[in-house]
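A.B. asks: Take a look at query_23.cif, mmCIF, C-alpha atoms:
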data_entry
loop_
_atom_site.label_atom_id
_atom_site.label_comp_id
_atom_site.auth_asym_id
_atom_site.auth_seq_id
_atom_site.Cartn_x
_atom_site.Cartn_y
_atom_site.Cartn_z
CA GLU F 7 -2.40 9.09 -6.17
CA ASP F 8 -3.48 10.85 -2.98
CA GLN F 9 -0.56 12.20 -0.94
CA VAL F 10 -0.11 13.93 2.40
CA THR F 11 3.06 15.68 3.56
CA GLN F 12 3.38 17.04 7.09
CA SER F 13 5.92 19.54 8.36
CA PRO F 14 7.88 19.91 10.45
CA GLU F 15 8.66 16.30 11.38
CA ALA F 16 9.31 17.37 14.95
CA LEU F 17 8.63 20.55 16.89
CA ARG F 18 9.77 21.51 20.35
CA LEU F 19 7.96 24.37 22.09
CA GLN F 20 8.14 26.03 25.44
CA GLU F 21 4.92 25.98 27.41
CA GLY F 22 2.81 28.92 26.21
CA GLU F 23 4.71 29.31 22.92
CA SER F 24 2.10 29.19 20.12
CA SER F 25 2.88 27.62 16.74
CA SER F 26 1.40 25.89 13.69
CA LEU F 27 1.74 22.48 12.09
CA ASN F 28 1.36 22.13 8.33
CA CYS F 29 -0.32 19.45 6.24
CA SER F 30 0.01 19.71 2.45
CA TYR F 31 -2.11 17.39 0.37
CA THR F 32 -2.95 16.31 -3.14
CA VAL F 33 -6.18 14.43 -3.61
CA SER F 34 -8.66 13.91 -6.40
CA GLY F 35 -11.88 15.36 -5.04
CA LEU F 36 -11.48 16.04 -1.33
CA ARG F 37 -14.17 14.35 0.69
CA GLY F 38 -12.60 15.25 4.04
CA LEU F 39 -9.35 16.20 5.78
CA PHE F 40 -8.85 14.76 9.24
CA TRP F 41 -6.59 15.61 12.15
CA TYR F 42 -5.74 12.99 14.75
CA ARG F 43 -3.60 12.98 17.87
CA GLN F 44 -1.51 9.90 18.60
CA ASP F 45 0.23 9.21 21.90
CA PRO F 46 3.12 6.70 21.97
CA GLY F 47 1.89 3.12 21.65
CA LYS F 48 -1.74 4.19 21.28
CA GLY F 49 -4.28 4.48 18.48
CA PRO F 50 -5.01 7.76 16.67
CA GLU F 51 -7.53 9.90 18.54
CA PHE F 52 -9.91 11.86 16.32
CA LEU F 53 -9.71 15.65 16.60
CA PHE F 54 -11.30 17.37 13.57
CA THR F 55 -12.80 16.89 10.14
CA LEU F 56 -12.63 19.71 7.58
CA TYR F 57 -14.64 19.44 4.38
CA SER F 58 -14.05 22.56 2.30
CA ALA F 59 -11.58 25.40 1.82
CA GLY F 60 -12.11 28.22 4.28
CA GLU F 61 -13.49 25.98 6.99
CA GLU F 62 -12.12 26.30 10.54
CA LYS F 63 -12.70 24.19 13.66
CA GLU F 64 -11.58 24.72 17.25
CA LYS F 65 -11.16 22.55 20.29
CA GLU F 66 -9.55 23.94 23.43
CA ARG F 67 -6.07 25.16 22.43
CA LEU F 68 -6.27 23.70 18.91
CA LYS F 69 -7.63 25.29 15.74
CA ALA F 70 -7.62 23.61 12.34
CA THR F 71 -7.93 25.51 9.07
CA LEU F 72 -8.17 24.36 5.46
CA THR F 73 -7.23 25.76 2.06
CA LYS F 74 -7.35 24.03 -1.32
CA LYS F 75 -3.79 22.75 -0.91
CA GLU F 76 -3.03 22.60 2.80
CA SER F 77 -4.31 22.54 6.33
CA PHE F 78 -2.83 24.08 9.44
CA LEU F 79 -3.20 22.98 13.03
CA HIS F 80 -2.63 26.03 15.20
CA ILE F 81 -1.72 25.43 18.83
CA THR F 82 -2.26 28.39 21.13
CA ALA F 83 -0.43 28.57 24.47
CA PRO F 84 0.39 24.85 24.50
CA LYS F 85 0.80 22.85 27.70
CA PRO F 86 3.01 19.80 28.31
CA GLU F 87 -0.05 17.55 28.01
CA ASP F 88 -0.37 18.63 24.35
CA SER F 89 2.83 16.68 23.62
CA ALA F 90 1.97 13.97 21.07
CA THR F 91 2.25 13.15 17.39
CA TYR F 92 -0.35 14.95 15.30
CA LEU F 93 -1.48 13.10 12.18
CA CYS F 94 -3.20 14.52 9.12
CA ALA F 95 -5.18 12.31 6.76
CA VAL F 96 -7.28 12.87 3.64
CA GLN F 97 -10.12 10.99 2.07
CA GLY F 98 -10.80 11.44 -1.64
CA SER F 99 -14.04 11.14 -3.50
CA GLY F 100 -15.72 7.80 -3.95
CA ASN F 101 -15.31 6.77 -0.32
CA THR F 102 -11.62 5.95 -0.72
CA PRO F 103 -9.57 4.95 2.34
CA LEU F 104 -7.82 7.48 4.55
CA VAL F 105 -4.31 8.41 3.43
CA PHE F 106 -2.12 9.54 6.31
CA GLY F 107 0.93 11.73 6.55
CA LYS F 108 3.93 10.76 8.69
CA GLY F 109 2.88 13.14 11.41
CA THR F 110 4.48 15.95 13.41
CA ARG F 111 5.94 14.98 16.77
CA LEU F 112 5.22 17.84 19.17
CA SER F 113 7.06 18.24 22.46
CA VAL F 114 5.96 20.98 24.87
CA ILE F 115 8.47 21.72 27.61
CA ALA F 116 7.38 23.20 30.95
CA GLU N 287 -18.35 7.33 25.90
CA PRO N 288 -18.19 4.12 23.83
CA GLU N 289 -14.78 3.08 22.55
CA VAL N 290 -13.33 0.62 20.09
CA THR N 291 -11.54 -2.18 21.92
CA GLN N 292 -8.87 -4.53 20.59
CA THR N 293 -7.36 -7.76 21.89
CA PRO N 294 -4.72 -8.78 22.55
CA SER N 295 -2.73 -5.63 23.24
CA HIS N 296 0.49 -7.44 22.34
CA GLN N 297 0.95 -10.67 20.39
CA VAL N 298 4.26 -12.41 19.88
CA THR N 299 4.34 -15.18 17.30
CA GLN N 300 6.83 -17.18 15.32
CA MET N 301 7.26 -16.75 11.59
CA GLY N 302 4.83 -18.96 9.66
CA GLN N 303 2.24 -19.11 12.43
CA GLU N 304 -1.34 -17.91 12.09
CA VAL N 305 -2.58 -15.01 14.20
CA ILE N 306 -6.05 -13.59 14.75
CA LEU N 307 -6.42 -10.02 15.93
CA ARG N 308 -9.77 -9.08 17.45
CA CYS N 309 -11.73 -5.85 17.59
CA VAL N 310 -15.05 -4.87 19.12
CA PRO N 311 -16.29 -1.80 17.25
CA ILE N 312 -18.68 0.82 18.61
CA SER N 313 -22.18 -0.61 18.34
CA ASN N 314 -23.70 1.95 15.94
CA HIS N 315 -20.80 1.83 13.49
CA LEU N 316 -21.49 0.36 10.08
CA TYR N 317 -18.11 0.70 8.39
CA PHE N 318 -15.05 -1.11 9.69
CA TYR N 319 -11.39 -0.84 8.82
CA TRP N 320 -8.02 -2.33 9.57
CA TYR N 321 -4.86 -0.24 9.37
CA ARG N 322 -1.29 -0.99 10.31
CA GLN N 323 1.63 1.15 11.40
CA ILE N 324 5.16 -0.18 11.15
CA LEU N 325 7.36 1.42 13.81
CA GLY N 326 8.29 4.96 12.80
CA GLN N 327 6.22 4.88 9.62
CA LYS N 328 2.84 6.10 8.39
CA VAL N 329 -0.49 4.58 9.27
CA GLU N 330 -1.40 2.44 6.23
CA PHE N 331 -4.80 1.24 5.11
CA LEU N 332 -5.32 -2.50 4.83
CA VAL N 333 -9.03 -3.19 4.27
CA SER N 334 -12.50 -1.77 4.68
CA PHE N 335 -15.61 -3.81 5.46
CA TYR N 336 -19.24 -2.89 5.04
CA ASN N 337 -22.44 -4.88 5.00
CA ASN N 338 -20.55 -8.09 5.77
CA GLU N 339 -18.20 -7.88 2.86
CA ILE N 340 -14.90 -6.29 1.90
CA SER N 341 -15.50 -2.95 0.20
CA GLU N 342 -11.90 -2.06 -0.54
CA LYS N 343 -8.44 -3.46 0.12
CA SER N 344 -4.89 -2.26 -0.37
CA GLU N 345 -1.97 -4.00 -2.07
CA ILE N 346 -0.73 -5.00 1.39
CA PHE N 347 -3.88 -7.07 1.97
CA ASP N 348 -2.87 -10.15 0.00
CA ASP N 349 -4.04 -13.76 0.21
CA GLN N 350 -2.40 -14.16 3.61
CA PHE N 351 -4.90 -11.75 5.14
CA SER N 352 -8.60 -12.22 5.77
CA VAL N 353 -11.30 -10.41 7.75
CA GLU N 354 -14.50 -11.61 9.34
CA ARG N 355 -17.36 -10.30 11.39
CA PRO N 356 -18.34 -13.67 12.84
CA ASP N 357 -21.07 -12.72 15.29
CA GLY N 358 -22.24 -9.20 14.51
CA SER N 359 -20.08 -7.60 17.17
CA ASN N 360 -16.49 -8.81 16.81
CA PHE N 361 -14.38 -7.91 13.79
CA THR N 362 -11.28 -10.00 13.20
CA LEU N 363 -8.14 -9.82 11.10
CA LYS N 364 -6.39 -13.10 10.38
CA ILE N 365 -2.88 -13.46 9.05
CA ARG N 366 -2.43 -17.04 7.86
CA SER N 367 1.33 -17.38 7.78
CA THR N 368 3.12 -14.50 9.44
CA LYS N 369 6.33 -13.00 8.11
CA LEU N 370 8.91 -10.88 9.89
CA GLU N 371 7.71 -7.83 7.94
CA ASP N 372 4.21 -8.23 9.38
CA SER N 373 5.54 -6.90 12.69
CA ALA N 374 3.61 -3.68 13.29
CA MET N 375 0.81 -2.06 15.27
CA TYR N 376 -2.57 -3.08 13.86
CA PHE N 377 -5.46 -0.71 14.38
CA CYS N 378 -9.14 -1.39 13.98
CA ALA N 379 -11.33 1.60 13.16
CA GLY N 380 -15.01 2.18 12.66
CA GLY N 381 -17.39 4.83 11.46
CA SER N 382 -21.09 5.36 11.11
CA GLY N 383 -21.13 7.25 7.83
CA SER N 384 -17.69 6.72 6.31
CA TYR N 385 -16.44 10.16 7.35
CA GLU N 386 -14.83 10.27 10.80
CA GLN N 387 -13.13 7.02 11.70
CA TYR N 388 -12.58 6.13 15.35
CA PHE N 389 -9.57 4.00 16.10
CA GLY N 390 -8.95 1.36 18.71
CA PRO N 391 -5.84 1.25 20.91
CA GLY N 392 -4.12 -1.23 18.60
CA THR N 393 -2.48 -4.64 18.82
CA ARG N 394 1.29 -4.76 18.71
CA LEU N 395 2.26 -7.79 16.62
CA THR N 396 5.81 -9.04 16.94
CA VAL N 397 6.91 -11.81 14.57
CA THR N 398 10.14 -13.58 15.52
#
Let me see whether you can do it: turn the structure in this file into structure tokens.
C.D. replies:
Amino acid sequence: EDQVTQSPEALRLQEGESSSLNCSYTVSGLRGLFWYRQDPGKGPEFLFTLYSAGEEKEKERLKATLTKKESFLHITAPKPEDSATYLCAVQGSGNTPLVFGKGTRLSVIA
Amino acid sequence: EPEVTQTPSHQVTQMGQEVILRCVPISNHLYFYWYRQILGQKVEFLVSFYNNEISEKSEIFDDQFSVERPDGSNFTLKIRSTKLEDSAMYFCAGGSGSYEQYFGPGTRLTVT
């Protein structure tokens, strides 16, 4: 069974204080690993797809990396507007549905 | 930039009543999904829909649930007889090649 575990559950940072969020996964035949941002009461907003170990993608202050067992979302010099819950999801081979983790709730304090 | 839209944003219903949640996917999407998120819990897959038929469904998606794409643009989720435990956010999502999935803003369903 595909599983995703995210840590920490919650993270509080000062503005400008860089950090990383972790996503550990087990999946039979990774088709893709996805990062989403979710604001309270809203739908997940797509950020990145990673397909194979060693791959990295960047968008503004965010960088996602992937190994065979985990993915990291690095946040460089965060701002208060980066405060949200960040969700990790995996899709296994055979076009299986996305399996989500519980998310990391990030708070960035000015 | 095109977006997935969902209506209503909030639906309150009594236990045992039928509800229909509506979604308008992005026009070039071919794959459609429904997910739900109970407050404080993970986003959970319900059903996927491709080429006018269900391609996969989860254990949650029992006989009380059904999906339709009645007119080639709308995508609906029907719950025939709602239960208290159906209270959740319901998200519609779509994709063009079954990789990235783009989510709508959700419908908050409250069953009393």
A.B. asks: Record the distance separating CA of Gly47 in chain F and CA of Leu112 in chain F, expressed in Å with one decimal.
C.D. replies: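 According to the coordinates, CA of Gly47 in chain F and CA of Leu112 in chain F are separated by 15.3 Å.
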A.B. asks: For the provided coordinates, the residues matched by the PyMOL selection byres ((chain F) within 12 of (chain N)) should be stated as a ChimeraX atom specification.
C.D. replies: /F:9-12,15,36-57,91-111
A.B. asks: Evaluating the PyMOL selection byres ((chain N and resi 310-314) around 12) on the displayed file yields which residues, as number ranges by chain?
C.D. replies: N: 287-294, 307-309, 315-320, 335, 354-363, 377-383, 387-392
A.B. asks: Considering only C-alpha atoms, can you say which of F:Ala116, F:Leu19, F:Leu27, F:Val33 comes closest to Lys69 in chain F?
C.D. replies: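 Selected residue with least distance to Lys69 in chain F: F:Leu27.
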A.B. asks: What is the distance between CA of Lys63 in chain F and CA of Glu7 in chain F, in Å to one decimal?
C.D. replies: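 Computing it gives 27.0 Å between the two atoms.
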A.B. asks: Quick check, in Å to one decimal: how far apart do CA of Glu64 in chain F and CA of Thr32 in chain F lie?
C.D. replies: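 Separation between CA of Glu64 in chain F and CA of Thr32 in chain F: 23.7 Å.
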A.B. asks: Could you list, as a ChimeraX atom specification, every residue matched by the PyMOL selection byres ((chain N and resi 305) around 8) in this structure?
C.D. replies: /N:299,303-304,306-307,364-368
A.B. asks: Point out the residue among F:Ser30, F:Gln20, F:Ser77, F:Ser13 with the least atom-to-atom distance to Ile115 in chain F, counting only C-alpha atoms.
C.D. replies: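 Counting only C-alpha atoms, the residue closest to Ile115 in chain F is F:Gln20.
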A.B. asks: Counting all atoms listed in the file, figure out which residue out of F:Thr71, F:Ser34, F:Ser113, F:Ser26 gets nearest to Lys85 in chain F.
C.D. replies: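 Among the listed residues, the smallest separation from Lys85 in chain F belongs to F:Ser113.
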A.B. asks: For range 349-377 of chain N, which lacks atoms in the input, supply N, CA and C atoms and format the output as a PDB file, keeping the file's coordinate frame.
C.D. replies:
ATOM      1  N   ASP N 349      -3.321 -12.523  -0.136  1.00  0.00           N
ATOM      2  CA  ASP N 349      -4.040 -13.760   0.210  1.00  0.00           C
ATOM      3  C   ASP N 349      -3.750 -14.256   1.617  1.00  0.00           C
ATOM      4  N   GLN N 350      -2.714 -13.731   2.243  1.00  0.00           N
ATOM      5  CA  GLN N 350      -2.400 -14.160   3.610  1.00  0.00           C
ATOM      6  C   GLN N 350      -3.314 -13.519   4.646  1.00  0.00           C
ATOM      7  N   PHE N 351      -4.035 -12.485   4.220  1.00  0.00           N
ATOM      8  CA  PHE N 351      -4.900 -11.750   5.140  1.00  0.00           C
ATOM      9  C   PHE N 351      -6.363 -12.099   4.877  1.00  0.00           C
ATOM     10  N   SER N 352      -7.154 -12.095   5.929  1.00  0.00           N
ATOM     11  CA  SER N 352      -8.600 -12.220   5.770  1.00  0.00           C
ATOM     12  C   SER N 352      -9.277 -11.488   6.919  1.00  0.00           C
ATOM     13  N   VAL N 353     -10.523 -11.087   6.699  1.00  0.00           N
ATOM     14  CA  VAL N 353     -11.300 -10.410   7.750  1.00  0.00           C
ATOM     15  C   VAL N 353     -12.650 -11.109   7.861  1.00  0.00           C
ATOM     16  N   GLU N 354     -13.191 -11.017   9.075  1.00  0.00           N
ATOM     17  CA  GLU N 354     -14.500 -11.610   9.340  1.00  0.00           C
ATOM     18  C   GLU N 354     -15.222 -10.780  10.362  1.00  0.00           C
ATOM     19  N   ARG N 355     -16.547 -10.845  10.312  1.00  0.00           N
ATOM     20  CA  ARG N 355     -17.360 -10.300  11.390  1.00  0.00           C
ATOM     21  C   ARG N 355     -18.246 -11.466  11.835  1.00  0.00           C
ATOM     22  N   PRO N 356     -17.699 -12.375  12.622  1.00  0.00           N
ATOM     23  CA  PRO N 356     -18.340 -13.670  12.840  1.00  0.00           C
ATOM     24  C   PRO N 356     -19.671 -13.633  13.570  1.00  0.00           C
ATOM     25  N   ASP N 357     -19.866 -12.640  14.456  1.00  0.00           N
ATOM     26  CA  ASP N 357     -21.070 -12.720  15.290  1.00  0.00           C
ATOM     27  C   ASP N 357     -21.779 -11.381  15.404  1.00  0.00           C
ATOM     28  N   GLY N 358     -21.543 -10.475  14.485  1.00  0.00           N
ATOM     29  CA  GLY N 358     -22.240  -9.200  14.510  1.00  0.00           C
ATOM     30  C   GLY N 358     -21.678  -8.184  15.469  1.00  0.00           C
ATOM     31  N   SER N 359     -20.701  -8.587  16.288  1.00  0.00           N
ATOM     32  CA  SER N 359     -20.080  -7.600  17.170  1.00  0.00           C
ATOM     33  C   SER N 359     -18.568  -7.589  16.990  1.00  0.00           C
ATOM     34  N   ASN N 360     -17.936  -8.766  17.010  1.00  0.00           N
ATOM     35  CA  ASN N 360     -16.490  -8.810  16.810  1.00  0.00           C
ATOM     36  C   ASN N 360     -16.124  -8.642  15.354  1.00  0.00           C
ATOM     37  N   PHE N 361     -14.922  -8.120  15.141  1.00  0.00           N
ATOM     38  CA  PHE N 361     -14.380  -7.910  13.790  1.00  0.00           C
ATOM     39  C   PHE N 361     -12.945  -8.399  13.868  1.00  0.00           C
ATOM     40  N   THR N 362     -12.592  -9.392  13.050  1.00  0.00           N
ATOM     41  CA  THR N 362     -11.280 -10.000  13.200  1.00  0.00           C
ATOM     42  C   THR N 362     -10.438  -9.837  11.945  1.00  0.00           C
ATOM     43  N   LEU N 363      -9.120  -9.806  12.168  1.00  0.00           N
ATOM     44  CA  LEU N 363      -8.140  -9.820  11.100  1.00  0.00           C
ATOM     45  C   LEU N 363      -7.281 -11.056  11.305  1.00  0.00           C
ATOM     46  N   LYS N 364      -7.214 -11.900  10.288  1.00  0.00           N
ATOM     47  CA  LYS N 364      -6.390 -13.100  10.380  1.00  0.00           C
ATOM     48  C   LYS N 364      -5.233 -12.979   9.413  1.00  0.00           C
ATOM     49  N   ILE N 365      -4.055 -13.335   9.914  1.00  0.00           N
ATOM     50  CA  ILE N 365      -2.880 -13.460   9.050  1.00  0.00           C
ATOM     51  C   ILE N 365      -2.512 -14.933   9.065  1.00  0.00           C
ATOM     52  N   ARG N 366      -2.561 -15.580   7.924  1.00  0.00           N
ATOM     53  CA  ARG N 366      -2.430 -17.040   7.860  1.00  0.00           C
ATOM     54  C   ARG N 366      -1.033 -17.528   8.184  1.00  0.00           C
ATOM     55  N   SER N 367      -0.045 -16.933   7.616  1.00  0.00           N
ATOM     56  CA  SER N 367       1.330 -17.380   7.780  1.00  0.00           C
ATOM     57  C   SER N 367       2.197 -16.141   7.938  1.00  0.00           C
ATOM     58  N   THR N 368       2.481 -15.787   9.175  1.00  0.00           N
ATOM     59  CA  THR N 368       3.120 -14.500   9.440  1.00  0.00           C
ATOM     60  C   THR N 368       4.561 -14.455   8.947  1.00  0.00           C
ATOM     61  N   LYS N 369       4.960 -13.244   8.533  1.00  0.00           N
ATOM     62  CA  LYS N 369       6.330 -13.000   8.110  1.00  0.00           C
ATOM     63  C   LYS N 369       6.935 -11.961   9.047  1.00  0.00           C
ATOM     64  N   LEU N 370       8.253 -11.865   9.039  1.00  0.00           N
ATOM     65  CA  LEU N 370       8.910 -10.880   9.890  1.00  0.00           C
ATOM     66  C   LEU N 370       8.389  -9.471   9.612  1.00  0.00           C
ATOM     67  N   GLU N 371       8.145  -9.175   8.327  1.00  0.00           N
ATOM     68  CA  GLU N 371       7.710  -7.830   7.940  1.00  0.00           C
ATOM     69  C   GLU N 371       6.263  -7.528   8.315  1.00  0.00           C
ATOM     70  N   ASP N 372       5.553  -8.496   8.871  1.00  0.00           N
ATOM     71  CA  ASP N 372       4.210  -8.230   9.380  1.00  0.00           C
ATOM     72  C   ASP N 372       4.242  -7.607  10.773  1.00  0.00           C
ATOM     73  N   SER N 373       5.417  -7.532  11.382  1.00  0.00           N
ATOM     74  CA  SER N 373       5.540  -6.900  12.690  1.00  0.00           C
ATOM     75  C   SER N 373       5.142  -5.431  12.587  1.00  0.00           C
ATOM     76  N   ALA N 374       4.152  -5.035  13.379  1.00  0.00           N
ATOM     77  CA  ALA N 374       3.610  -3.680  13.290  1.00  0.00           C
ATOM     78  C   ALA N 374       2.530  -3.524  14.358  1.00  0.00           C
ATOM     79  N   MET N 375       2.042  -2.300  14.509  1.00  0.00           N
ATOM     80  CA  MET N 375       0.810  -2.060  15.270  1.00  0.00           C
ATOM     81  C   MET N 375      -0.351  -2.182  14.293  1.00  0.00           C
ATOM     82  N   TYR N 376      -1.365  -2.926  14.692  1.00  0.00           N
ATOM     83  CA  TYR N 376      -2.570  -3.080  13.860  1.00  0.00           C
ATOM     84  C   TYR N 376      -3.724  -2.385  14.565  1.00  0.00           C
ATOM     85  N   PHE N 377      -4.358  -1.479  13.820  1.00  0.00           N
ATOM     86  CA  PHE N 377      -5.460  -0.710  14.380  1.00  0.00           C
ATOM     87  C   PHE N 377      -6.756  -1.072  13.673  1.00  0.00           C
TER      88      PHE N 377
END
